[in-house]
Structure formats: C-alpha cells, structure tokens
file coords.cif (mmCIF, C-alpha atoms)
data_protein
loop_
_atom_site.label_atom_id
_atom_site.label_comp_id
_atom_site.auth_asym_id
_atom_site.auth_seq_id
_atom_site.Cartn_x
_atom_site.Cartn_y
_atom_site.Cartn_z
CA ALA A 239 172.39 97.23 59.74
CA GLN A 240 170.25 99.64 57.80
CA SER A 241 167.44 98.46 55.56
CA VAL A 242 164.47 99.79 53.63
CA THR A 243 161.19 98.05 52.85
CA GLN A 244 158.79 99.24 50.19
CA PRO A 245 155.77 96.99 50.70
CA ASP A 246 154.07 97.76 47.39
CA ILE A 247 155.81 96.37 44.33
CA HIS A 248 153.30 97.85 41.91
CA ILE A 249 150.61 100.52 42.29
CA THR A 250 148.09 101.68 39.71
CA VAL A 251 146.22 104.96 40.10
CA SER A 252 144.01 107.00 37.83
CA GLU A 253 145.26 110.32 36.54
CA GLY A 254 144.18 113.06 38.91
CA ALA A 255 143.86 110.72 41.87
CA SER A 256 145.99 111.02 44.98
CA LEU A 257 149.01 108.82 45.58
CA GLU A 258 150.79 107.42 48.60
CA LEU A 259 153.86 105.19 48.33
CA ARG A 260 154.96 103.46 51.51
CA CYS A 261 158.47 103.22 52.88
CA ASN A 262 159.62 101.66 56.13
CA TYR A 263 163.21 101.83 57.26
CA SER A 264 165.45 100.28 59.86
CA TYR A 265 168.28 102.40 61.18
CA GLY A 266 169.99 102.69 64.54
CA ALA A 267 170.29 106.45 64.70
CA THR A 268 168.66 109.49 63.18
CA PRO A 269 168.29 108.57 59.54
CA TYR A 270 168.84 110.56 56.42
CA LEU A 271 165.94 109.64 54.14
CA PHE A 272 165.48 110.08 50.42
CA TRP A 273 163.00 109.42 47.66
CA TYR A 274 164.23 108.97 44.09
CA VAL A 275 162.36 108.46 40.83
CA GLN A 276 163.67 106.43 37.90
CA SER A 277 162.16 106.46 34.43
CA PRO A 278 162.95 103.62 32.01
CA GLY A 279 166.56 103.75 30.86
CA GLN A 280 167.32 106.73 33.07
CA GLY A 281 169.35 107.30 36.20
CA LEU A 282 167.80 108.16 39.53
CA GLN A 283 166.50 111.67 40.16
CA LEU A 284 166.18 112.95 43.71
CA LEU A 285 162.61 113.95 44.56
CA LEU A 286 163.14 115.02 48.16
CA LYS A 287 165.19 114.41 51.28
CA TYR A 288 164.83 114.51 55.05
CA PHE A 289 167.81 115.24 57.26
CA SER A 290 166.28 116.98 60.29
CA GLY A 291 163.73 119.59 61.31
CA ASP A 292 160.21 119.73 59.95
CA THR A 293 158.97 116.18 59.45
CA LEU A 294 156.90 117.11 56.40
CA VAL A 295 159.21 117.80 53.48
CA GLN A 296 158.37 119.19 50.10
CA GLY A 297 160.06 118.05 46.95
CA ILE A 298 160.03 118.59 43.24
CA LYS A 299 157.13 117.81 40.90
CA GLY A 300 154.56 118.40 43.66
CA PHE A 301 155.66 115.49 45.85
CA GLU A 302 155.89 115.55 49.62
CA ALA A 303 156.87 113.03 52.28
CA GLU A 304 156.34 112.75 56.00
CA PHE A 305 158.89 111.35 58.43
CA LYS A 306 157.28 109.43 61.31
CA ARG A 307 159.92 108.23 63.74
CA SER A 308 157.45 106.23 65.85
CA GLN A 309 156.44 104.20 62.79
CA SER A 310 159.88 104.16 61.12
CA SER A 311 158.16 105.38 57.99
CA PHE A 312 158.79 107.95 55.29
CA ASN A 313 155.81 107.76 52.95
CA LEU A 314 155.69 109.69 49.69
CA ARG A 315 152.50 111.51 48.67
CA LYS A 316 151.12 113.52 45.81
CA PRO A 317 147.61 115.01 45.81
CA SER A 318 146.98 114.67 42.08
CA VAL A 319 148.92 112.31 39.85
CA HIS A 320 149.84 113.17 36.25
CA TRP A 321 150.45 110.63 33.49
CA SER A 322 154.11 111.71 33.44
CA ASP A 323 154.54 110.47 37.01
CA ALA A 324 154.51 106.86 35.79
CA ALA A 325 157.94 105.53 36.79
CA GLU A 326 159.70 103.53 39.46
CA TYR A 327 160.14 105.10 42.88
CA PHE A 328 162.87 104.24 45.35
CA CYS A 329 163.15 105.09 49.02
CA ALA A 330 166.65 105.17 50.53
CA VAL A 331 168.24 105.61 53.95
CA GLY A 332 171.75 106.70 54.86
CA GLY A 333 173.82 108.64 57.32
CA GLY A 334 175.68 108.29 60.61
CA THR A 335 178.54 105.81 60.69
CA ASN A 336 177.56 104.62 57.24
CA ALA A 337 177.93 108.12 55.99
CA GLY A 338 179.13 106.99 52.60
CA LYS A 339 176.43 104.75 51.33
CA SER A 340 172.70 104.79 50.87
CA THR A 341 170.61 101.65 51.23
CA PHE A 342 167.71 101.45 48.82
CA GLY A 343 164.41 99.64 48.86
CA ASP A 344 163.43 97.46 45.91
CA GLY A 345 161.18 100.13 44.50
CA THR A 346 157.52 100.65 43.68
CA THR A 347 156.41 100.81 40.06
CA LEU A 348 153.69 103.37 39.48
CA THR A 349 151.27 102.98 36.58
CA VAL A 350 148.91 105.86 35.80
CA LYS A 351 145.60 105.09 34.10
CA PRO A 352 144.12 107.74 31.81
CA ASP B 31 177.18 121.91 35.69
CA THR B 32 176.74 119.04 33.30
CA GLY B 33 175.77 116.38 35.83
CA VAL B 34 177.26 112.95 36.35
CA SER B 35 178.23 111.21 33.13
CA GLN B 36 179.02 107.55 32.50
CA ASP B 37 180.63 105.81 29.60
CA PRO B 38 179.73 103.60 27.88
CA ARG B 39 175.95 103.58 28.28
CA HIS B 40 175.73 99.98 27.10
CA LYS B 41 178.25 97.18 27.00
CA ILE B 42 177.81 93.66 25.68
CA THR B 43 180.64 91.29 26.39
CA LYS B 44 181.34 87.58 26.36
CA ARG B 45 181.83 85.63 29.52
CA GLY B 46 185.43 85.71 30.64
CA GLN B 47 186.26 89.09 29.10
CA ASN B 48 187.33 92.14 31.09
CA VAL B 49 185.32 95.36 30.98
CA THR B 50 185.98 98.87 32.27
CA PHE B 51 183.46 101.61 32.93
CA ARG B 52 184.12 105.27 33.47
CA CYS B 53 182.31 107.82 35.61
CA ASP B 54 182.80 111.58 35.57
CA PRO B 55 181.23 113.21 38.63
CA ILE B 56 179.94 116.74 39.02
CA SER B 57 183.12 118.80 39.02
CA GLU B 58 183.18 120.13 42.59
CA HIS B 59 181.97 116.90 44.20
CA ASN B 60 184.53 115.20 46.42
CA ARG B 61 182.64 111.93 46.88
CA LEU B 62 181.96 109.33 44.24
CA TYR B 63 179.89 106.16 44.60
CA TRP B 64 179.33 103.01 42.59
CA TYR B 65 176.11 101.00 42.81
CA ARG B 66 174.80 97.97 40.95
CA GLN B 67 171.15 97.53 40.04
CA THR B 68 169.54 94.36 38.75
CA LEU B 69 166.06 94.06 37.32
CA GLY B 70 163.33 94.48 39.90
CA GLN B 71 165.69 95.59 42.64
CA GLY B 72 166.97 98.82 44.04
CA PRO B 73 170.57 99.93 43.66
CA GLU B 74 173.07 98.04 45.81
CA PHE B 75 176.11 99.83 47.16
CA LEU B 76 179.48 98.67 45.82
CA THR B 77 182.07 101.21 46.90
CA TYR B 78 182.75 104.89 47.43
CA PHE B 79 185.61 107.35 47.29
CA GLN B 80 186.32 110.55 49.07
CA ASN B 81 188.68 112.39 46.77
CA GLU B 82 191.13 109.66 45.69
CA ALA B 83 190.75 107.48 48.79
CA GLN B 84 188.51 104.43 48.60
CA LEU B 85 186.78 104.51 51.97
CA GLU B 86 184.40 101.56 51.85
CA LYS B 87 183.86 98.44 49.78
CA SER B 88 180.84 96.20 49.90
CA ARG B 89 181.13 92.45 50.28
CA LEU B 90 179.40 92.38 46.88
CA LEU B 91 182.64 93.66 45.40
CA SER B 92 184.47 90.40 44.74
CA ASP B 93 188.15 90.15 43.88
CA ARG B 94 187.20 90.41 40.21
CA PHE B 95 186.01 93.96 40.74
CA SER B 96 188.31 96.92 41.19
CA ALA B 97 187.62 100.63 41.29
CA GLU B 98 189.96 103.56 41.13
CA ARG B 99 189.78 107.30 41.34
CA PRO B 100 193.42 108.22 40.78
CA LYS B 101 193.26 112.00 40.81
CA GLY B 102 190.10 112.49 42.78
CA SER B 103 188.12 113.34 39.68
CA PHE B 104 186.83 110.61 37.35
CA SER B 105 186.61 106.99 38.42
CA THR B 106 186.84 103.64 36.68
CA LEU B 107 185.23 100.35 37.61
CA GLU B 108 186.82 97.24 36.12
CA ILE B 109 185.35 93.77 36.12
CA GLN B 110 187.74 90.96 35.27
CA ARG B 111 186.69 87.57 33.91
CA THR B 112 183.06 88.60 33.62
CA GLU B 113 180.32 86.14 34.53
CA GLN B 114 176.69 86.09 33.47
CA GLY B 115 175.73 87.11 36.99
CA ASP B 116 177.54 90.40 36.47
CA SER B 117 174.86 91.50 34.01
CA ALA B 118 173.30 94.58 35.59
CA MET B 119 173.08 98.34 35.46
CA TYR B 120 176.13 99.98 37.05
CA LEU B 121 175.29 103.36 38.50
CA CYS B 122 177.67 106.10 39.53
CA ALA B 123 176.76 108.95 41.85
CA SER B 124 178.56 111.91 43.38
CA SER B 125 178.06 114.24 46.31
CA PHE B 126 179.77 117.17 47.98
CA GLY B 127 180.95 117.55 51.54
CA GLN B 128 181.52 115.46 54.64
CA GLY B 129 178.99 113.17 56.26
CA HIS B 130 175.90 112.21 54.32
CA HIS B 131 174.44 114.34 51.59
CA GLU B 132 172.20 113.76 48.65
CA GLN B 133 173.80 111.86 45.84
CA TYR B 134 173.41 112.81 42.20
CA PHE B 135 173.24 109.85 39.87
CA GLY B 136 174.48 109.32 36.35
CA PRO B 137 172.47 107.51 33.66
CA GLY B 138 174.22 104.21 34.30
CA THR B 139 176.09 101.65 32.21
CA ARG B 140 174.07 98.57 31.29
CA LEU B 141 176.28 95.49 31.11
CA THR B 142 175.14 92.33 29.36
CA VAL B 143 177.37 89.28 29.66
CA THR B 144 176.61 86.58 27.06
#

call {"tool": "encode", "arguments": {"input": "coords.cif", "output": "structure tokens"}}
result
Amino acid sequence: AQSVTQPDIHITVSEGASLELRCNYSYGATPYLFWYVQSPGQGLQLLLKYFSGDTLVQGIKGFEAEFKRSQSSFNLRKPSVHWSDAAEYFCAVGGGTNAGKSTFGDGTTLTVKP
Amino acid sequence: DTGVSQDPRHKITKRGQNVTFRCDPISEHNRLYWYRQTLGQGPEFLTYFQNEAQLEKSRLLSDRFSAERPKGSFSTLEIQRTEQGDSAMYLCASSFGQGHHEQYFGPGTRLTVT
C-alpha cells in the first residue's frame, strides 16, 4: 500500500527565511511524487512533480524539491519565503498499478511572520 | 482552458437528504477523480473514471455514494441519506493520458450536514 507522511503539522518561518517541508513516502515501485499548495477556501494547485530523471525538480513560485530514494523522501524547499506563501502544503504519491489515484499526506500548515 | 469547475461550491443539507454534486473537467482530459477532504487531513481518494468507465472505487465509497460520468465529460457524485459524517470538502480533479499524470483540481464543494 502507498502512504505519505508529513511529519510537521505546522511550521512558522519569518519572511525572507528559508523553508524546508518534509515528506516521506512508502511505495513499492518507482513513485510519482507531487507537492500541492492549498490556500483557504481554494482547491489544490500543483507546485511541482517528480516522475523520473533529475532528482532535483524545480516548480512554480520559486519552490524546488529533491527526491532521495535511499531515504524515501521528497522534501520541498524555498530559499526565501514571502508572506504570500502562507498556506497548507500537501505531498502526494501515485503511479504504477495504482495509476489512477494519488495518496496524500495530511499536510503542513505554513505561517509566515512579518 | 477554464480549469476544473465544481457546482455548487457550498451545500448545507439536513441529515437524511440526498445531495448531488457536479464536476466539469478540463475539456480534453480523459480522466476524472473524486476525493474527499476533512478538516486537518489531506484529500482521500474516492473514485476515478477514464472516459465514461469507472475504473476504481475506494472502500470509503459506501453504498450511499454513487458517481457517474455518462458521456465521458462531466461527472456527478450523489450521496443518499446523508449523515453528519459526510460533512467534508469534495474535490474533483482531472488529468490527461494513460498511466499517472498530474491532476488538476477544482475548487471543491463544501458539504455541511446538519
């Protein structure tokens, strides 16, 4: 069975500081990995995805993530956080025989201090 | 490309009533997914369609839930005899192609059962 763990329920960072959100996954084959962002009352917006190839992927809004197979991790990073980045972030895994569905973590809420 | 749309955005109903939600995917997308999201949790997979065929249903989808995509375009999700535990955000997503690809999410329908 596939699963995703986001160990940090809530993170607070100061504006301009760097950010790292953790994601650990469990999957039996090569995973397809995603990070989504959700603002209050909004649907999920895809930030970036990893399917294969270069393990460091770039996304929108200055975000990047690194796939580490040995650690079963796909952590999201941003070098300098903006107040508008305050939102909830979800990591998801999918692919292979479960090609239809994605399995999501429970999310990390990001608060940005001025 | 107008994105994935869902209707209604909010629904308040009394316990025991039936409700139906609609999802219009991105026009060229052949796959359509339904997820449910409760407060403090990530989206949970309910079911998905490839064209008009319903290919997978989660165990979360009890007999009171039914989904259709009759012409391979829009989809409806019906909940019969609603219960308070059905209160959640119902998210629709769509994607294009075979295998696993990124899913584009709609804004969701928030259901409150009183």

call {"tool": "residues_around", "arguments": {"input": "coords.cif", "residues": "Gly138 in chain B", "least_positions_apart": "6", "cutoff": "7 Å", "atoms": "only C-alpha atoms", "output": "JSON, numbers by chain"}}
result
{"A": [281], "B": [36, 39, 119, 120, 121, 122]}

call {"tool": "write_last_selection", "arguments": {"input": "coords.cif", "atoms": "C-alpha atoms", "output": "JSON list (two decimals), in the coordinates of the input"}}
result
[["chain", "number", "residue", "atom", "x", "y", "z"],
["A", 281, "GLY", "CA", 169.35, 107.30, 36.20],
["B", 36, "GLN", "CA", 179.02, 107.55, 32.50],
["B", 39, "ARG", "CA", 175.95, 103.58, 28.28],
["B", 119, "MET", "CA", 173.08, 98.34, 35.46],
["B", 120, "TYR", "CA", 176.13, 99.98, 37.05],
["B", 121, "LEU", "CA", 175.29, 103.36, 38.50],
["B", 122, "CYS", "CA", 177.67, 106.10, 39.53]]

call {"tool": "closest_residue", "arguments": {"input": "coords.cif", "among": "A:Arg315, A:His248, A:Lys287, A:His320", "to": "chain B", "atoms": "only C-alpha atoms"}}
result
A:Lys287

call {"tool": "residues_near_point", "arguments": {"input": "coords.cif", "point": "(177.3, 119.1, 44.4)", "cutoff": "12 Å", "atoms": "only C-alpha atoms", "output": "PyMOL selection string"}}
result
chain B and resi 31-34+55-62+123-128+131-135

call {"tool": "write_last_selection", "arguments": {"input": "coords.cif", "atoms": "C-alpha atoms", "output": "PDB file, in the coordinates of the input"}}
result
ATOM      1  CA  ASP B  31     177.180 121.910  35.690  1.00  0.00           C
ATOM      2  CA  THR B  32     176.740 119.040  33.300  1.00  0.00           C
ATOM      3  CA  GLY B  33     175.770 116.380  35.830  1.00  0.00           C
ATOM      4  CA  VAL B  34     177.260 112.950  36.350  1.00  0.00           C
ATOM      5  CA  PRO B  55     181.230 113.210  38.630  1.00  0.00           C
ATOM      6  CA  ILE B  56     179.940 116.740  39.020  1.00  0.00           C
ATOM      7  CA  SER B  57     183.120 118.800  39.020  1.00  0.00           C
ATOM      8  CA  GLU B  58     183.180 120.130  42.590  1.00  0.00           C
ATOM      9  CA  HIS B  59     181.970 116.900  44.200  1.00  0.00           C
ATOM     10  CA  ASN B  60     184.530 115.200  46.420  1.00  0.00           C
ATOM     11  CA  ARG B  61     182.640 111.930  46.880  1.00  0.00           C
ATOM     12  CA  LEU B  62     181.960 109.330  44.240  1.00  0.00           C
ATOM     13  CA  ALA B 123     176.760 108.950  41.850  1.00  0.00           C
ATOM     14  CA  SER B 124     178.560 111.910  43.380  1.00  0.00           C
ATOM     15  CA  SER B 125     178.060 114.240  46.310  1.00  0.00           C
ATOM     16  CA  PHE B 126     179.770 117.170  47.980  1.00  0.00           C
ATOM     17  CA  GLY B 127     180.950 117.550  51.540  1.00  0.00           C
ATOM     18  CA  GLN B 128     181.520 115.460  54.640  1.00  0.00           C
ATOM     19  CA  HIS B 131     174.440 114.340  51.590  1.00  0.00           C
ATOM     20  CA  GLU B 132     172.200 113.760  48.650  1.00  0.00           C
ATOM     21  CA  GLN B 133     173.800 111.860  45.840  1.00  0.00           C
ATOM     22  CA  TYR B 134     173.410 112.810  42.200  1.00  0.00           C
ATOM     23  CA  PHE B 135     173.240 109.850  39.870  1.00  0.00           C
TER      24      PHE B 135
END

call {"tool": "atom_distance", "arguments": {"input": "coords.cif", "atom1": "CA of Leu294 in chain A", "atom2": "CA of Tyr65 in chain B"}}
result
28.5 Å

call {"tool": "closest_atom_pairs", "arguments": {"input": "coords.cif", "of": "chain B", "to": "chain A", "cutoff": "7 Å", "atoms": "all atoms listed in the file", "output": "CSV"}}
result
residue,atom,partner,partner_atom,distance
B:Gly70,CA,A:Asp344,CA,6.7
B:Gln71,CA,A:Asp344,CA,4.4
B:Gly72,CA,A:Asp344,CA,4.2
B:Pro73,CA,A:Phe342,CA,6.1
B:Glu74,CA,A:Thr341,CA,7.0
B:Phe75,CA,A:Lys339,CA,6.5
B:Tyr78,CA,A:Gly338,CA,6.7
B:Gly129,CA,A:Ala337,CA,5.2
B:His130,CA,A:Ala337,CA,4.9
B:Phe135,CA,A:Leu282,CA,5.7
B:Gly136,CA,A:Gly281,CA,5.5
B:Pro137,CA,A:Gly281,CA,4.0
B:Gly138,CA,A:Gly281,CA,6.1

call {"tool": "atom_distance", "arguments": {"input": "coords.cif", "atom1": "CA of Thr243 in chain A", "atom2": "CA of Phe79 in chain B"}}
result
26.7 Å

call {"tool": "atom_distance", "arguments": {"input": "coords.cif", "atom1": "CA of Leu69 in chain B", "atom2": "CA of Thr144 in chain B"}}
result
16.5 Å

call {"tool": "resolve_selection", "arguments": {"input": "coords.cif", "expression": "the PyMOL selection byres ((chain B and resi 115) around 12)", "output": "ChimeraX atom specification"}}
result
/B:45-46,66-69,90,109,111-114,116-119,141-144

call {"tool": "resolve_selection", "arguments": {"input": "coords.cif", "expression": "the PyMOL selection byres ((chain A and resi 239) around 9)", "output": "list in words"}}
result
Gln240, Ser241, Ser264, Tyr265 and Gly266 of chain A

call {"tool": "axis_aligned_box", "arguments": {"input": "coords.cif", "around": "range 290-306 of chain A", "padding_each_side": "4 Å", "output": "JSON"}}
result
{"center_x": 160.4, "center_y": 114.6, "center_z": 51.1, "size_x": 19.7, "size_y": 18.3, "size_z": 28.4}

call {"tool": "resolve_selection", "arguments": {"input": "coords.cif", "expression": "the PyMOL selection byres ((chain A and resi 250-263) around 6)", "output": "VMD selection string"}}
result
chain A and resid 241 to 244 249 264 310 to 320 348 to 352

call {"tool": "build_atoms", "arguments": {"input": "coords.cif", "residues": "range 68-81 of chain B", "atoms": "N, CA and C atoms", "output": "PDB file, in the coordinates of the input"}}
result
ATOM      1  N   THR B  68     170.077  95.424  39.599  1.00  0.00           N
ATOM      2  CA  THR B  68     169.540  94.360  38.750  1.00  0.00           C
ATOM      3  C   THR B  68     168.047  94.534  38.633  1.00  0.00           C
ATOM      4  N   LEU B  69     167.479  93.870  37.642  1.00  0.00           N
ATOM      5  CA  LEU B  69     166.060  94.060  37.320  1.00  0.00           C
ATOM      6  C   LEU B  69     165.173  93.757  38.516  1.00  0.00           C
ATOM      7  N   GLY B  70     164.289  94.681  38.816  1.00  0.00           N
ATOM      8  CA  GLY B  70     163.330  94.480  39.900  1.00  0.00           C
ATOM      9  C   GLY B  70     163.884  94.767  41.280  1.00  0.00           C
ATOM     10  N   GLN B  71     165.085  95.287  41.348  1.00  0.00           N
ATOM     11  CA  GLN B  71     165.690  95.590  42.640  1.00  0.00           C
ATOM     12  C   GLN B  71     166.185  97.032  42.674  1.00  0.00           C
ATOM     13  N   GLY B  72     166.385  97.518  43.888  1.00  0.00           N
ATOM     14  CA  GLY B  72     166.970  98.820  44.040  1.00  0.00           C
ATOM     15  C   GLY B  72     168.486  98.758  43.896  1.00  0.00           C
ATOM     16  N   PRO B  73     169.111  99.907  43.744  1.00  0.00           N
ATOM     17  CA  PRO B  73     170.570  99.930  43.660  1.00  0.00           C
ATOM     18  C   PRO B  73     171.218  99.357  44.921  1.00  0.00           C
ATOM     19  N   GLU B  74     172.306  98.597  44.698  1.00  0.00           N
ATOM     20  CA  GLU B  74     173.070  98.040  45.810  1.00  0.00           C
ATOM     21  C   GLU B  74     174.445  98.703  45.831  1.00  0.00           C
ATOM     22  N   PHE B  75     174.842  99.137  47.006  1.00  0.00           N
ATOM     23  CA  PHE B  75     176.110  99.830  47.160  1.00  0.00           C
ATOM     24  C   PHE B  75     177.280  98.904  46.862  1.00  0.00           C
ATOM     25  N   LEU B  76     178.257  99.420  46.097  1.00  0.00           N
ATOM     26  CA  LEU B  76     179.480  98.670  45.820  1.00  0.00           C
ATOM     27  C   LEU B  76     180.680  99.277  46.535  1.00  0.00           C
ATOM     28  N   THR B  77     180.906 100.574  46.314  1.00  0.00           N
ATOM     29  CA  THR B  77     182.070 101.210  46.900  1.00  0.00           C
ATOM     30  C   THR B  77     181.923 102.721  46.802  1.00  0.00           C
ATOM     31  N   TYR B  78     182.733 103.456  47.605  1.00  0.00           N
ATOM     32  CA  TYR B  78     182.750 104.890  47.430  1.00  0.00           C
ATOM     33  C   TYR B  78     184.120 105.472  47.742  1.00  0.00           C
ATOM     34  N   PHE B  79     184.372 106.623  47.149  1.00  0.00           N
ATOM     35  CA  PHE B  79     185.610 107.350  47.290  1.00  0.00           C
ATOM     36  C   PHE B  79     185.354 108.733  47.881  1.00  0.00           C
ATOM     37  N   GLN B  80     186.275 109.154  48.701  1.00  0.00           N
ATOM     38  CA  GLN B  80     186.320 110.550  49.070  1.00  0.00           C
ATOM     39  C   GLN B  80     187.634 111.071  48.517  1.00  0.00           C
ATOM     40  N   ASN B  81     187.523 111.986  47.576  1.00  0.00           N
ATOM     41  CA  ASN B  81     188.680 112.390  46.770  1.00  0.00           C
ATOM     42  C   ASN B  81     189.258 111.118  46.142  1.00  0.00           C
TER      43      ASN B  81
END
